[in-house]
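Undergrad: Sending over model32.pdb (PDB, C-alpha atoms).
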ATOM      1  CA  MET A   7     -17.932  21.007   8.971
ATOM      2  CA  SER A   8     -21.029  22.608   7.416
ATOM      3  CA  ASN A   9     -20.334  25.909   9.202
ATOM      4  CA  GLN A  10     -16.838  26.118   7.740
ATOM      5  CA  THR A  11     -17.484  25.280   4.105
ATOM      6  CA  SER A  12     -19.922  26.232   1.384
ATOM      7  CA  VAL A  13     -18.875  23.283  -0.783
ATOM      8  CA  THR A  14     -21.148  20.261  -0.306
ATOM      9  CA  GLU A  15     -19.590  18.057  -3.004
ATOM     10  CA  PHE A  16     -16.498  17.751  -5.162
ATOM     11  CA  LEU A  17     -16.103  16.743  -8.804
ATOM     12  CA  LEU A  18     -13.346  14.201  -9.438
ATOM     13  CA  LEU A  19     -11.865  15.040 -12.849
ATOM     14  CA  GLY A  20     -10.352  11.560 -13.187
ATOM     15  CA  VAL A  21      -7.264  10.140 -14.854
ATOM     16  CA  THR A  22      -7.433  12.058 -18.145
ATOM     17  CA  ASP A  23      -9.274  14.933 -19.768
ATOM     18  CA  ILE A  24      -9.570  13.012 -23.071
ATOM     19  CA  GLN A  25     -13.059  11.500 -22.899
ATOM     20  CA  GLU A  26     -12.454   9.114 -25.829
ATOM     21  CA  LEU A  27      -9.900   7.208 -23.732
ATOM     22  CA  ASN A  28     -12.355   6.466 -20.899
ATOM     23  CA  PRO A  29     -13.734   3.136 -22.264
ATOM     24  CA  ILE A  30     -10.191   1.849 -22.895
ATOM     25  CA  LEU A  31      -9.032   2.957 -19.461
ATOM     26  CA  PHE A  32     -12.092   1.306 -17.901
ATOM     27  CA  VAL A  33     -11.151  -2.070 -19.422
ATOM     28  CA  ILE A  34      -7.490  -1.704 -18.357
ATOM     29  CA  PHE A  35      -8.234  -0.668 -14.765
ATOM     30  CA  PHE A  36     -11.057  -3.187 -14.373
ATOM     31  CA  THR A  37      -8.664  -5.955 -15.462
ATOM     32  CA  ILE A  38      -6.004  -4.772 -13.003
ATOM     33  CA  TYR A  39      -8.605  -4.607 -10.205
ATOM     34  CA  PHE A  40      -9.838  -8.108 -11.053
ATOM     35  CA  VAL A  41      -6.251  -9.441 -10.950
ATOM     36  CA  ASN A  42      -5.738  -7.686  -7.607
ATOM     37  CA  ILE A  43      -8.916  -9.083  -6.006
ATOM     38  CA  THR A  44      -8.385 -12.583  -7.427
ATOM     39  CA  GLY A  45      -4.669 -12.847  -6.636
ATOM     40  CA  ASN A  46      -4.762 -11.315  -3.165
ATOM     41  CA  GLY A  47      -8.047 -13.063  -2.360
ATOM     42  CA  ALA A  48      -6.518 -16.437  -3.255
ATOM     43  CA  ILE A  49      -3.497 -15.717  -1.064
ATOM     44  CA  LEU A  50      -5.652 -14.617   1.869
ATOM     45  CA  MET A  51      -7.876 -17.687   1.535
ATOM     46  CA  ILE A  52      -4.994 -20.160   1.315
ATOM     47  CA  VAL A  53      -3.122 -18.583   4.253
ATOM     48  CA  ILE A  54      -6.249 -18.911   6.411
ATOM     49  CA  LEU A  55      -7.271 -22.419   5.280
ATOM     50  CA  ASP A  56      -3.921 -24.227   5.053
ATOM     51  CA  PRO A  57      -2.467 -25.109   8.512
ATOM     52  CA  ARG A  58       1.030 -25.482   6.991
ATOM     53  CA  LEU A  59       1.013 -21.757   6.240
ATOM     54  CA  HIS A  60       0.179 -20.718   9.805
ATOM     55  CA  SER A  61       3.605 -19.179  10.409
ATOM     56  CA  PRO A  62       4.735 -15.547  10.959
ATOM     57  CA  MET A  63       5.852 -15.072   7.345
ATOM     58  CA  TYR A  64       2.464 -16.090   5.923
ATOM     59  CA  PHE A  65       0.579 -14.264   8.678
ATOM     60  CA  PHE A  66       2.203 -11.032   7.486
ATOM     61  CA  LEU A  67       1.634 -11.943   3.836
ATOM     62  CA  GLY A  68      -2.046 -12.472   4.624
ATOM     63  CA  ASN A  69      -2.164  -9.001   6.156
ATOM     64  CA  LEU A  70      -0.478  -7.579   3.050
ATOM     65  CA  ALA A  71      -3.022  -9.293   0.775
ATOM     66  CA  CYS A  72      -5.909  -7.924   2.875
ATOM     67  CA  LEU A  73      -4.428  -4.411   2.791
ATOM     68  CA  ASP A  74      -3.915  -4.546  -0.982
ATOM     69  CA  ILE A  75      -7.546  -5.535  -1.597
ATOM     70  CA  CYS A  76      -8.881  -2.804   0.696
ATOM     71  CA  PHE A  77      -6.374  -0.164  -0.482
ATOM     72  CA  SER A  78      -7.413  -0.499  -4.141
ATOM     73  CA  THR A  79     -11.105  -0.756  -3.237
ATOM     74  CA  VAL A  80     -10.952   2.703  -1.628
ATOM     75  CA  THR A  81     -10.234   4.372  -4.996
ATOM     76  CA  LEU A  82     -10.759   1.991  -7.941
ATOM     77  CA  PRO A  83     -14.550   1.328  -7.851
ATOM     78  CA  LYS A  84     -15.277   5.075  -7.766
ATOM     79  CA  MET A  85     -12.750   5.691 -10.551
ATOM     80  CA  LEU A  86     -14.308   2.935 -12.700
ATOM     81  CA  GLN A  87     -17.767   4.392 -12.111
ATOM     82  CA  ASN A  88     -16.578   7.873 -13.130
ATOM     83  CA  LEU A  89     -14.964   6.547 -16.322
ATOM     84  CA  LEU A  90     -18.405   5.458 -17.566
ATOM     85  CA  SER A  91     -20.499   8.198 -15.983
ATOM     86  CA  THR A  92     -21.099  11.842 -16.795
ATOM     87  CA  SER A  93     -21.632  12.613 -13.107
ATOM     88  CA  LYS A  94     -18.299  12.569 -11.281
ATOM     89  CA  ALA A  95     -19.522  14.034  -8.012
ATOM     90  CA  ILE A  96     -18.533  12.859  -4.549
ATOM     91  CA  SER A  97     -20.023  14.314  -1.370
ATOM     92  CA  PHE A  98     -17.887  16.310   1.048
ATOM     93  CA  LEU A  99     -18.214  13.589   3.691
ATOM     94  CA  GLY A 100     -17.538  10.882   1.098
ATOM     95  CA  CYS A 101     -14.420  12.730  -0.027
ATOM     96  CA  ILE A 102     -13.016  13.045   3.505
ATOM     97  CA  THR A 103     -13.886   9.379   4.187
ATOM     98  CA  GLN A 104     -12.048   8.286   1.035
ATOM     99  CA  LEU A 105      -9.039  10.408   2.020
ATOM    100  CA  HIS A 106      -9.037   8.859   5.506
ATOM    101  CA  PHE A 107      -9.143   5.227   4.378
ATOM    102  CA  PHE A 108      -6.632   5.824   1.590
ATOM    103  CA  HIS A 109      -4.035   7.142   4.048
ATOM    104  CA  PHE A 110      -5.030   4.645   6.757
ATOM    105  CA  LEU A 111      -4.480   1.589   4.541
ATOM    106  CA  GLY A 112      -1.548   3.083   2.635
ATOM    107  CA  SER A 113       0.442   4.035   5.733
ATOM    108  CA  THR A 114      -0.374   0.686   7.383
ATOM    109  CA  GLU A 115       1.045  -1.144   4.364
ATOM    110  CA  ALA A 116       4.135   1.092   4.392
ATOM    111  CA  MET A 117       4.743   0.118   8.035
ATOM    112  CA  LEU A 118       4.010  -3.572   7.418
ATOM    113  CA  LEU A 119       6.851  -4.000   4.903
ATOM    114  CA  PRO A 120       9.696  -3.398   7.423
ATOM    115  CA  VAL A 121       8.013  -5.874   9.793
ATOM    116  CA  MET A 122       8.068  -8.448   6.979
ATOM    117  CA  ALA A 123      11.705  -7.596   6.260
ATOM    118  CA  PHE A 124      12.539  -8.059   9.965
ATOM    119  CA  ASP A 125      10.823 -11.459   9.866
ATOM    120  CA  ARG A 126      13.059 -12.516   6.933
ATOM    121  CA  PHE A 127      16.126 -11.122   8.763
ATOM    122  CA  VAL A 128      15.437 -13.278  11.828
ATOM    123  CA  ALA A 129      14.608 -16.354   9.700
ATOM    124  CA  ILE A 130      17.849 -16.127   7.684
ATOM    125  CA  CYS A 131      20.318 -14.635  10.160
ATOM    126  CA  ARG A 132      18.976 -16.127  13.428
ATOM    127  CA  PRO A 133      17.310 -19.394  12.327
ATOM    128  CA  LEU A 134      17.827 -21.212  15.651
ATOM    129  CA  HIS A 135      16.108 -18.428  17.575
ATOM    130  CA  TYR A 136      13.372 -17.743  14.995
ATOM    131  CA  SER A 137      10.493 -19.478  16.799
ATOM    132  CA  VAL A 138      11.414 -17.788  20.092
ATOM    133  CA  ILE A 139      11.817 -14.266  18.671
ATOM    134  CA  MET A 140       8.934 -14.343  16.166
ATOM    135  CA  ASN A 141       6.420 -15.856  18.570
ATOM    136  CA  HIS A 142       2.681 -15.592  18.004
ATOM    137  CA  GLN A 143       2.182 -12.881  20.637
ATOM    138  CA  LEU A 144       4.878 -10.622  19.143
ATOM    139  CA  CYS A 145       3.424 -11.011  15.623
ATOM    140  CA  ILE A 146      -0.044 -10.046  16.865
ATOM    141  CA  HIS A 147       1.294  -7.066  18.819
ATOM    142  CA  MET A 148       3.387  -5.729  15.914
ATOM    143  CA  THR A 149       0.517  -6.100  13.451
ATOM    144  CA  ALA A 150      -2.036  -4.483  15.775
ATOM    145  CA  THR A 151       0.376  -1.601  16.452
ATOM    146  CA  ILE A 152       0.914  -0.728  12.800
ATOM    147  CA  TRP A 153      -2.833  -0.916  12.031
ATOM    148  CA  ILE A 154      -3.577   1.424  14.969
ATOM    149  CA  MET A 155      -0.753   3.826  14.014
ATOM    150  CA  GLY A 156      -2.003   3.885  10.423
ATOM    151  CA  PHE A 157      -5.530   4.696  11.587
ATOM    152  CA  PHE A 158      -4.472   7.642  13.763
ATOM    153  CA  HIS A 159      -2.084   8.954  11.104
ATOM    154  CA  ALA A 160      -4.988   9.058   8.645
ATOM    155  CA  LEU A 161      -7.324  10.524  11.269
ATOM    156  CA  LEU A 162      -4.919  13.449  11.752
ATOM    157  CA  HIS A 163      -5.032  14.313   8.031
ATOM    158  CA  SER A 164      -8.770  13.754   7.584
ATOM    159  CA  VAL A 165      -9.655  15.948  10.587
ATOM    160  CA  MET A 166      -7.224  18.715   9.585
ATOM    161  CA  THR A 167      -8.467  18.679   5.971
ATOM    162  CA  SER A 168     -12.142  18.667   6.971
ATOM    163  CA  ARG A 169     -11.599  21.784   9.094
ATOM    164  CA  LEU A 170     -10.429  23.846   6.103
ATOM    165  CA  SER A 171     -12.752  26.307   4.378
ATOM    166  CA  PHE A 172     -13.793  25.360   0.826
ATOM    167  CA  CYS A 173     -15.661  28.260  -0.742
ATOM    168  CA  GLY A 174     -14.497  28.371  -4.336
ATOM    169  CA  PRO A 175     -14.184  25.835  -7.182
ATOM    170  CA  ASN A 176     -14.851  22.195  -6.358
ATOM    171  CA  HIS A 177     -13.053  20.462  -9.252
ATOM    172  CA  VAL A 178     -10.495  17.975  -7.874
ATOM    173  CA  HIS A 179      -7.734  17.364 -10.406
ATOM    174  CA  HIS A 180      -7.353  13.723  -9.449
ATOM    175  CA  PHE A 181      -9.201  10.399  -9.653
ATOM    176  CA  PHE A 182      -9.695  10.264  -5.872
ATOM    177  CA  CYS A 183      -9.745  12.644  -2.915
ATOM    178  CA  ASP A 184      -6.182  13.169  -1.747
ATOM    179  CA  ILE A 185      -4.716  15.842   0.484
ATOM    180  CA  LYS A 186      -2.699  17.879  -2.029
ATOM    181  CA  PRO A 187      -5.493  18.366  -4.602
ATOM    182  CA  LEU A 188      -7.900  19.360  -1.814
ATOM    183  CA  LEU A 189      -5.415  21.839  -0.339
ATOM    184  CA  ASP A 190      -5.283  23.520  -3.756
ATOM    185  CA  LEU A 191      -9.032  24.193  -3.436
ATOM    186  CA  ALA A 192      -8.995  25.460   0.153
ATOM    187  CA  CYS A 193      -9.686  29.155   0.782
ATOM    188  CA  GLY A 194      -7.771  29.531   4.033
ATOM    189  CA  ASN A 195      -4.170  29.063   5.127
ATOM    190  CA  THR A 196      -2.913  25.531   4.404
ATOM    191  CA  GLU A 197       0.671  25.852   5.674
ATOM    192  CA  LEU A 198       0.031  23.660   8.730
ATOM    193  CA  ASN A 199      -1.604  20.975   6.573
ATOM    194  CA  LEU A 200       1.347  20.979   4.153
ATOM    195  CA  TRP A 201       3.814  20.829   7.039
ATOM    196  CA  LEU A 202       1.971  17.847   8.543
ATOM    197  CA  LEU A 203       1.857  16.163   5.146
ATOM    198  CA  ASN A 204       5.572  16.621   4.497
ATOM    199  CA  THR A 205       6.707  15.906   8.064
ATOM    200  CA  VAL A 206       4.363  13.203   9.382
ATOM    201  CA  THR A 207       3.663  11.359   6.133
ATOM    202  CA  GLY A 208       7.279  11.820   5.054
ATOM    203  CA  THR A 209       8.461  10.253   8.328
ATOM    204  CA  ILE A 210       6.005   7.350   7.989
ATOM    205  CA  ALA A 211       7.343   6.714   4.480
ATOM    206  CA  LEU A 212      11.072   7.327   5.064
ATOM    207  CA  THR A 213      11.493   5.489   8.381
ATOM    208  CA  PRO A 214       9.999   2.157   7.201
ATOM    209  CA  PHE A 215      11.930   2.464   3.926
ATOM    210  CA  PHE A 216      15.205   2.919   5.834
ATOM    211  CA  LEU A 217      14.439   0.028   8.235
ATOM    212  CA  THR A 218      13.468  -2.265   5.350
ATOM    213  CA  PHE A 219      16.618  -1.368   3.434
ATOM    214  CA  LEU A 220      18.697  -1.953   6.574
ATOM    215  CA  SER A 221      17.162  -5.415   7.120
ATOM    216  CA  TYR A 222      17.858  -6.530   3.557
ATOM    217  CA  PHE A 223      21.372  -5.048   3.692
ATOM    218  CA  TYR A 224      22.146  -7.163   6.794
ATOM    219  CA  ILE A 225      20.591 -10.234   5.168
ATOM    220  CA  ILE A 226      22.653  -9.899   1.982
ATOM    221  CA  THR A 227      25.848  -9.182   3.958
ATOM    222  CA  TYR A 228      25.210 -12.208   6.186
ATOM    223  CA  LEU A 229      24.574 -14.467   3.188
ATOM    224  CA  PHE A 230      27.767 -13.463   1.413
ATOM    225  CA  LEU A 231      29.860 -13.949   4.563
ATOM    226  CA  LYS A 232      28.268 -17.119   5.961
ATOM    227  CA  THR A 233      26.678 -19.117   3.141
ATOM    228  CA  ARG A 234      28.844 -21.703   1.399
ATOM    229  CA  SER A 235      26.119 -23.174  -0.835
ATOM    230  CA  CYS A 236      25.636 -21.312  -4.138
ATOM    231  CA  SER A 237      22.084 -22.657  -4.532
ATOM    232  CA  MET A 238      21.072 -21.440  -1.067
ATOM    233  CA  LEU A 239      22.678 -18.060  -1.729
ATOM    234  CA  HIS A 240      20.893 -17.737  -5.081
ATOM    235  CA  LYS A 241      17.514 -18.713  -3.563
ATOM    236  CA  ALA A 242      17.831 -16.268  -0.660
ATOM    237  CA  LEU A 243      19.027 -13.423  -2.890
ATOM    238  CA  SER A 244      16.190 -14.086  -5.327
ATOM    239  CA  THR A 245      13.661 -13.879  -2.467
ATOM    240  CA  CYS A 246      15.224 -10.663  -1.135
ATOM    241  CA  ALA A 247      15.287  -9.118  -4.622
ATOM    242  CA  SER A 248      11.588  -9.818  -5.213
ATOM    243  CA  HIS A 249      10.666  -8.504  -1.760
ATOM    244  CA  PHE A 250      12.757  -5.365  -2.257
ATOM    245  CA  MET A 251      11.057  -4.786  -5.629
ATOM    246  CA  VAL A 252       7.741  -4.445  -3.777
ATOM    247  CA  VAL A 253       9.382  -1.961  -1.408
ATOM    248  CA  ILE A 254      10.679   0.174  -4.300
ATOM    249  CA  LEU A 255       7.315   0.081  -6.134
ATOM    250  CA  LEU A 256       5.508   1.372  -3.039
ATOM    251  CA  TYR A 257       7.924   3.764  -1.325
ATOM    252  CA  VAL A 258       9.530   5.601  -4.260
ATOM    253  CA  PRO A 259       6.248   6.938  -5.751
ATOM    254  CA  VAL A 260       4.920   7.780  -2.270
ATOM    255  CA  LEU A 261       8.082   9.673  -1.306
ATOM    256  CA  PHE A 262       8.075  11.459  -4.667
ATOM    257  CA  THR A 263       4.435  12.531  -4.203
ATOM    258  CA  TYR A 264       4.314  13.593  -0.561
ATOM    259  CA  ILE A 265       7.805  14.960   0.145
ATOM    260  CA  ARG A 266       8.148  17.159  -2.940
ATOM    261  CA  PRO A 267       7.347  20.853  -2.452
ATOM    262  CA  ALA A 268       3.839  21.739  -3.600
ATOM    263  CA  SER A 269       5.273  24.309  -6.024
ATOM    264  CA  GLY A 270       7.149  21.533  -7.844
ATOM    265  CA  SER A 271       4.078  19.367  -8.325
ATOM    266  CA  SER A 272       2.534  18.569 -11.669
ATOM    267  CA  LEU A 273      -1.111  17.461 -11.582
ATOM    268  CA  ASP A 274      -0.708  15.012 -14.471
ATOM    269  CA  GLN A 275       2.496  13.657 -12.952
ATOM    270  CA  ASP A 276       0.846  13.172  -9.557
ATOM    271  CA  ARG A 277      -2.029  11.240 -11.144
ATOM    272  CA  ILE A 278       0.326   8.893 -13.008
ATOM    273  CA  ILE A 279       2.402   8.277  -9.873
ATOM    274  CA  ALA A 280      -0.764   7.648  -7.824
ATOM    275  CA  ILE A 281      -1.891   5.029 -10.361
ATOM    276  CA  MET A 282       1.440   3.282  -9.858
ATOM    277  CA  TYR A 283       1.251   2.870  -6.073
ATOM    278  CA  SER A 284      -2.530   2.664  -5.589
ATOM    279  CA  VAL A 285      -3.575   0.570  -8.613
ATOM    280  CA  VAL A 286      -0.623  -1.287 -10.161
ATOM    281  CA  THR A 287       1.472  -2.202  -7.108
ATOM    282  CA  PRO A 288      -1.355  -3.954  -5.165
ATOM    283  CA  ALA A 289      -2.027  -6.117  -8.248
ATOM    284  CA  LEU A 290       1.678  -6.955  -8.665
ATOM    285  CA  ASN A 291       2.256  -7.895  -5.022
ATOM    286  CA  PRO A 292       0.707 -11.403  -5.318
ATOM    287  CA  LEU A 293       2.931 -12.149  -8.334
ATOM    288  CA  ILE A 294       6.124 -10.709  -6.850
ATOM    289  CA  TYR A 295       5.741 -11.517  -3.177
ATOM    290  CA  THR A 296       3.838 -14.763  -2.841
ATOM    291  CA  LEU A 297       2.871 -16.689  -5.968
ATOM    292  CA  ARG A 298       6.581 -17.295  -6.679
ATOM    293  CA  ASN A 299       6.647 -19.146  -3.352
ATOM    294  CA  LYS A 300       6.578 -22.939  -3.826
ATOM    295  CA  GLU A 301       4.617 -23.595  -0.612
ATOM    296  CA  VAL A 302       1.842 -21.183  -1.608
ATOM    297  CA  ARG A 303       1.690 -22.535  -5.172
ATOM    298  CA  SER A 304       1.535 -26.095  -3.865
ATOM    299  CA  ALA A 305      -1.242 -25.242  -1.394
ATOM    300  CA  LEU A 306      -3.227 -23.434  -4.112
ATOM    301  CA  ASN A 307      -2.861 -26.340  -6.545
ATOM    302  CA  LYS A 308      -4.090 -28.822  -3.926
ATOM    303  CA  LYS A 309      -7.136 -26.687  -3.123
ATOM    304  CA  VAL A 310      -8.002 -26.242  -6.804
ATOM    305  CA  ARG A 311      -7.654 -29.986  -7.525
ATOM    306  CA  ARG A 312      -9.827 -30.783  -4.496
ATOM    307  CA  TRP A 313     -12.590 -28.404  -5.664
ATOM    308  CA  LEU A 314     -12.436 -29.734  -9.239
TER     309      LEU A 314
END
Will you turn the file into structure tokens for me?
TA:
Amino acid sequence: MSNQTSVTEFLLLGVTDIQELNPILFVIFFTIYFVNITGNGAILMIVILDPRLHSPMYFFLGNLACLDICFSTVTLPKMLQNLLSTSKAISFLGCITQLHFFHFLGSTEAMLLPVMAFDRFVAICRPLHYSVIMNHQLCIHMTATIWIMGFFHALLHSVMTSRLSFCGPNHVHHFFCDIKPLLDLACGNTELNLWLLNTVTGTIALTPFFLTFLSYFYIITYLFLKTRSCSMLHKALSTCASHFMVVILLYVPVLFTYIRPASGSSLDQDRIIAIMYSVVTPALNPLIYTLRNKEVRSALNKKVRRWL
């Protein structure tokens, strides 16, 4: 790396250029991060500790909670530090490491959502075969596969980005090290990197989105054709709607960011969109996906009463 670049560190310019807003933004983002850690941490703890929640659905929800905590932790602590600090530097190695883990955890979460949608499809549309299809071994294999795929997807981008020459300005117009802002600073040809970003990352975003949409489409169609009970239909549709909200909040900003042509990108727009899927969505997931669930709420209440 050192032979191919004269830049040893980058300066993260952050969320806004208006310095007076930094203390306010610090309070807002710290609160969101606290909600994220507390909410997802509670879900992860209760899924591990409560034997009644040792089922495929909650196994995947536990993975989602773990991913959300780690995903935000890749970017938020550094952003919070920079909001209160005059030094906004990050080393070259630190920048590439942040890029790697951001795409590793982000792509893993994108691939986890269709697995969760498939789990709901089997539970609702094939209830008698659910325990046979969604057996423990299959759940472990699917989860391990998406974590490994996410890691190698991120490794591709981190290696390709680290091999670029950075010889000019080192000001990153973002609050974390992402591929597009770094490509803007590269001295050499970045066409291959952009092609990989649009093709590989676009595929990893579009394919899970399509599979998730397909699963929920089959679920809703099945419910309308087979379910006679209005209360059951309402409950199932409510669950699907909340789950699909998470899908929209994650995939739409990601697709908008990474599939758009670079010439059509706005730096301020990209930063706002990145805040949505990397900061806000992980904090909303516990509220949308799990804490509305009666079994999780009941298990949490019992644990809290026991500790008090």
Undergrad: Which polymer residues, protein or nucleic acid, are no farther than 12 Å from (16.6, -11.5, -1.7), counting all atoms listed in the file, as a ChimeraX atom specification?
TA: /A:123,126-127,130,219,221-230,238-253,294-295
Undergrad: Report the distance between CA of Cys72 (chain A) and CA of Leu118 (chain A) in Å, rounded to one decimal place.
TA: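 Between CA of Cys72 (chain A) and CA of Leu118 (chain A) the gap is 11.7 Å.
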Undergrad: Give me the residues near Arg277 (chain A) as a ChimeraX atom specification, where near means some atom within 10 Å (using all atoms listed in the file) and where sequence neighbours in that chain fewer than 2 positions away do not count.
TA: /A:20-22,179-182,263,272-275,279-282
Undergrad: Selection from above, C-alpha atoms, as a PDB file, in the frame of the given file, can you write it?
TA:
ATOM      1  CA  GLY A  20     -10.352  11.560 -13.187  1.00  0.00           C
ATOM      2  CA  VAL A  21      -7.264  10.140 -14.854  1.00  0.00           C
ATOM      3  CA  THR A  22      -7.433  12.058 -18.145  1.00  0.00           C
ATOM      4  CA  HIS A 179      -7.734  17.364 -10.406  1.00  0.00           C
ATOM      5  CA  HIS A 180      -7.353  13.723  -9.449  1.00  0.00           C
ATOM      6  CA  PHE A 181      -9.201  10.399  -9.653  1.00  0.00           C
ATOM      7  CA  PHE A 182      -9.695  10.264  -5.872  1.00  0.00           C
ATOM      8  CA  THR A 263       4.435  12.531  -4.203  1.00  0.00           C
ATOM      9  CA  SER A 272       2.534  18.569 -11.669  1.00  0.00           C
ATOM     10  CA  LEU A 273      -1.111  17.461 -11.582  1.00  0.00           C
ATOM     11  CA  ASP A 274      -0.708  15.012 -14.471  1.00  0.00           C
ATOM     12  CA  GLN A 275       2.496  13.657 -12.952  1.00  0.00           C
ATOM     13  CA  ILE A 279       2.402   8.277  -9.873  1.00  0.00           C
ATOM     14  CA  ALA A 280      -0.764   7.648  -7.824  1.00  0.00           C
ATOM     15  CA  ILE A 281      -1.891   5.029 -10.361  1.00  0.00           C
ATOM     16  CA  MET A 282       1.440   3.282  -9.858  1.00  0.00           C
TER      17      MET A 282
END
Undergrad: Counting only C-alpha atoms, which of A:Leu111, A:Thr196, A:Leu161, A:Leu18 gets nearest to Ser91 (chain A)?
TA: A:Leu18
Undergrad: Find the residue from A:Ser168, A:Asn199, A:Asn28, A:Gln143 that sits nearest to Gly100 (chain A); use all atoms listed in the file when measuring.
TA: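 Among A:Ser168, A:Asn199, A:Asn28, A:Gln143, it is A:Ser168 that comes nearest to Gly100 (chain A).
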Undergrad: Residues near region 134-138 of chain A, anyone? I mean within 9 Å using all atoms listed in the file, not counting same-chain ones fewer than 5 positions away, as an MDAnalysis selection string.
TA: chainID A and resid 125 128:129
Undergrad: Would you mind telling me which residue in A:Val310, A:Val286, A:Ile254, A:Leu119 lies nearest to Phe77 (chain A) when using all atoms listed in the file?
TA: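 Closest to Phe77 (chain A), using all atoms listed in the file: A:Val286.
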Undergrad: Separation of CA of Met166 (chain A) and CA of Asp276 (chain A), in Å?
TA: 21.5 Å
Undergrad: In Å, how far is it from CA of Val285 (chain A) to CA of Ile30 (chain A)?
TA: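 Going from CA of Val285 (chain A) over to CA of Ile30 (chain A) covers 15.8 Å.
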Undergrad: Here's the selection I'm unsure about, the PyMOL selection byres ((chain A and resi 47) around 10); applied to the file above, which residues does it give, as a VMD selection string?
TA: chain A and resid 41 to 46 48 to 53 68 71 to 72 74 to 75 292
Undergrad: Go ahead and write the selection's residues with C-alpha atoms as an mmCIF file, in the frame of the given file.
TA:
data_model
loop_
_atom_site.group_PDB
_atom_site.id
_atom_site.type_symbol
_atom_site.label_atom_id
_atom_site.label_comp_id
_atom_site.auth_asym_id
_atom_site.auth_seq_id
_atom_site.Cartn_x
_atom_site.Cartn_y
_atom_site.Cartn_z
ATOM 1 C CA VAL A 41 -6.251 -9.441 -10.950
ATOM 2 C CA ASN A 42 -5.738 -7.686 -7.607
ATOM 3 C CA ILE A 43 -8.916 -9.083 -6.006
ATOM 4 C CA THR A 44 -8.385 -12.583 -7.427
ATOM 5 C CA GLY A 45 -4.669 -12.847 -6.636
ATOM 6 C CA ASN A 46 -4.762 -11.315 -3.165
ATOM 7 C CA ALA A 48 -6.518 -16.437 -3.255
ATOM 8 C CA ILE A 49 -3.497 -15.717 -1.064
ATOM 9 C CA LEU A 50 -5.652 -14.617 1.869
ATOM 10 C CA MET A 51 -7.876 -17.687 1.535
ATOM 11 C CA ILE A 52 -4.994 -20.160 1.315
ATOM 12 C CA VAL A 53 -3.122 -18.583 4.253
ATOM 13 C CA GLY A 68 -2.046 -12.472 4.624
ATOM 14 C CA ALA A 71 -3.022 -9.293 0.775
ATOM 15 C CA CYS A 72 -5.909 -7.924 2.875
ATOM 16 C CA ASP A 74 -3.915 -4.546 -0.982
ATOM 17 C CA ILE A 75 -7.546 -5.535 -1.597
ATOM 18 C CA PRO A 292 0.707 -11.403 -5.318
#
Undergrad: Please determine, counting all atoms listed in the file, which residue among A:Leu220, A:Val165, A:Pro62, A:Asn195 has the shortest atom-to-atom distance to Ile146 (chain A).
TA: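 Closest candidate: A:Pro62.
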Undergrad: To test your reading of the syntax: which residues would the PyMOL selection byres ((chain A and resi 117) around 8) return for the file shown? Reply as an NGL selection string.
TA: :A and (113-116 or 118-121 or 152 or 210-211 or 214)
Undergrad: Using the chain letters and numbers from the file, which residues does the PyMOL selection byres ((chain A and resi 16) around 8) grab, as an mmCIF file with C-alpha atoms, in the coordinates of the input?
TA:
data_model
loop_
_atom_site.group_PDB
_atom_site.id
_atom_site.type_symbol
_atom_site.label_atom_id
_atom_site.label_comp_id
_atom_site.auth_asym_id
_atom_site.auth_seq_id
_atom_site.Cartn_x
_atom_site.Cartn_y
_atom_site.Cartn_z
ATOM 1 C CA VAL A 13 -18.875 23.283 -0.783
ATOM 2 C CA THR A 14 -21.148 20.261 -0.306
ATOM 3 C CA GLU A 15 -19.590 18.057 -3.004
ATOM 4 C CA LEU A 17 -16.103 16.743 -8.804
ATOM 5 C CA LEU A 18 -13.346 14.201 -9.438
ATOM 6 C CA ALA A 95 -19.522 14.034 -8.012
ATOM 7 C CA ILE A 96 -18.533 12.859 -4.549
ATOM 8 C CA SER A 97 -20.023 14.314 -1.370
ATOM 9 C CA PHE A 98 -17.887 16.310 1.048
ATOM 10 C CA CYS A 101 -14.420 12.730 -0.027
ATOM 11 C CA ASN A 176 -14.851 22.195 -6.358
ATOM 12 C CA HIS A 177 -13.053 20.462 -9.252
ATOM 13 C CA VAL A 178 -10.495 17.975 -7.874
#
Undergrad: Nearest to Asn307 (chain A) among A:Gln25, A:Cys193, A:Asp56, A:Val260, with distances taken over all atoms listed in the file: which residue is it?
TA: A:Asp56
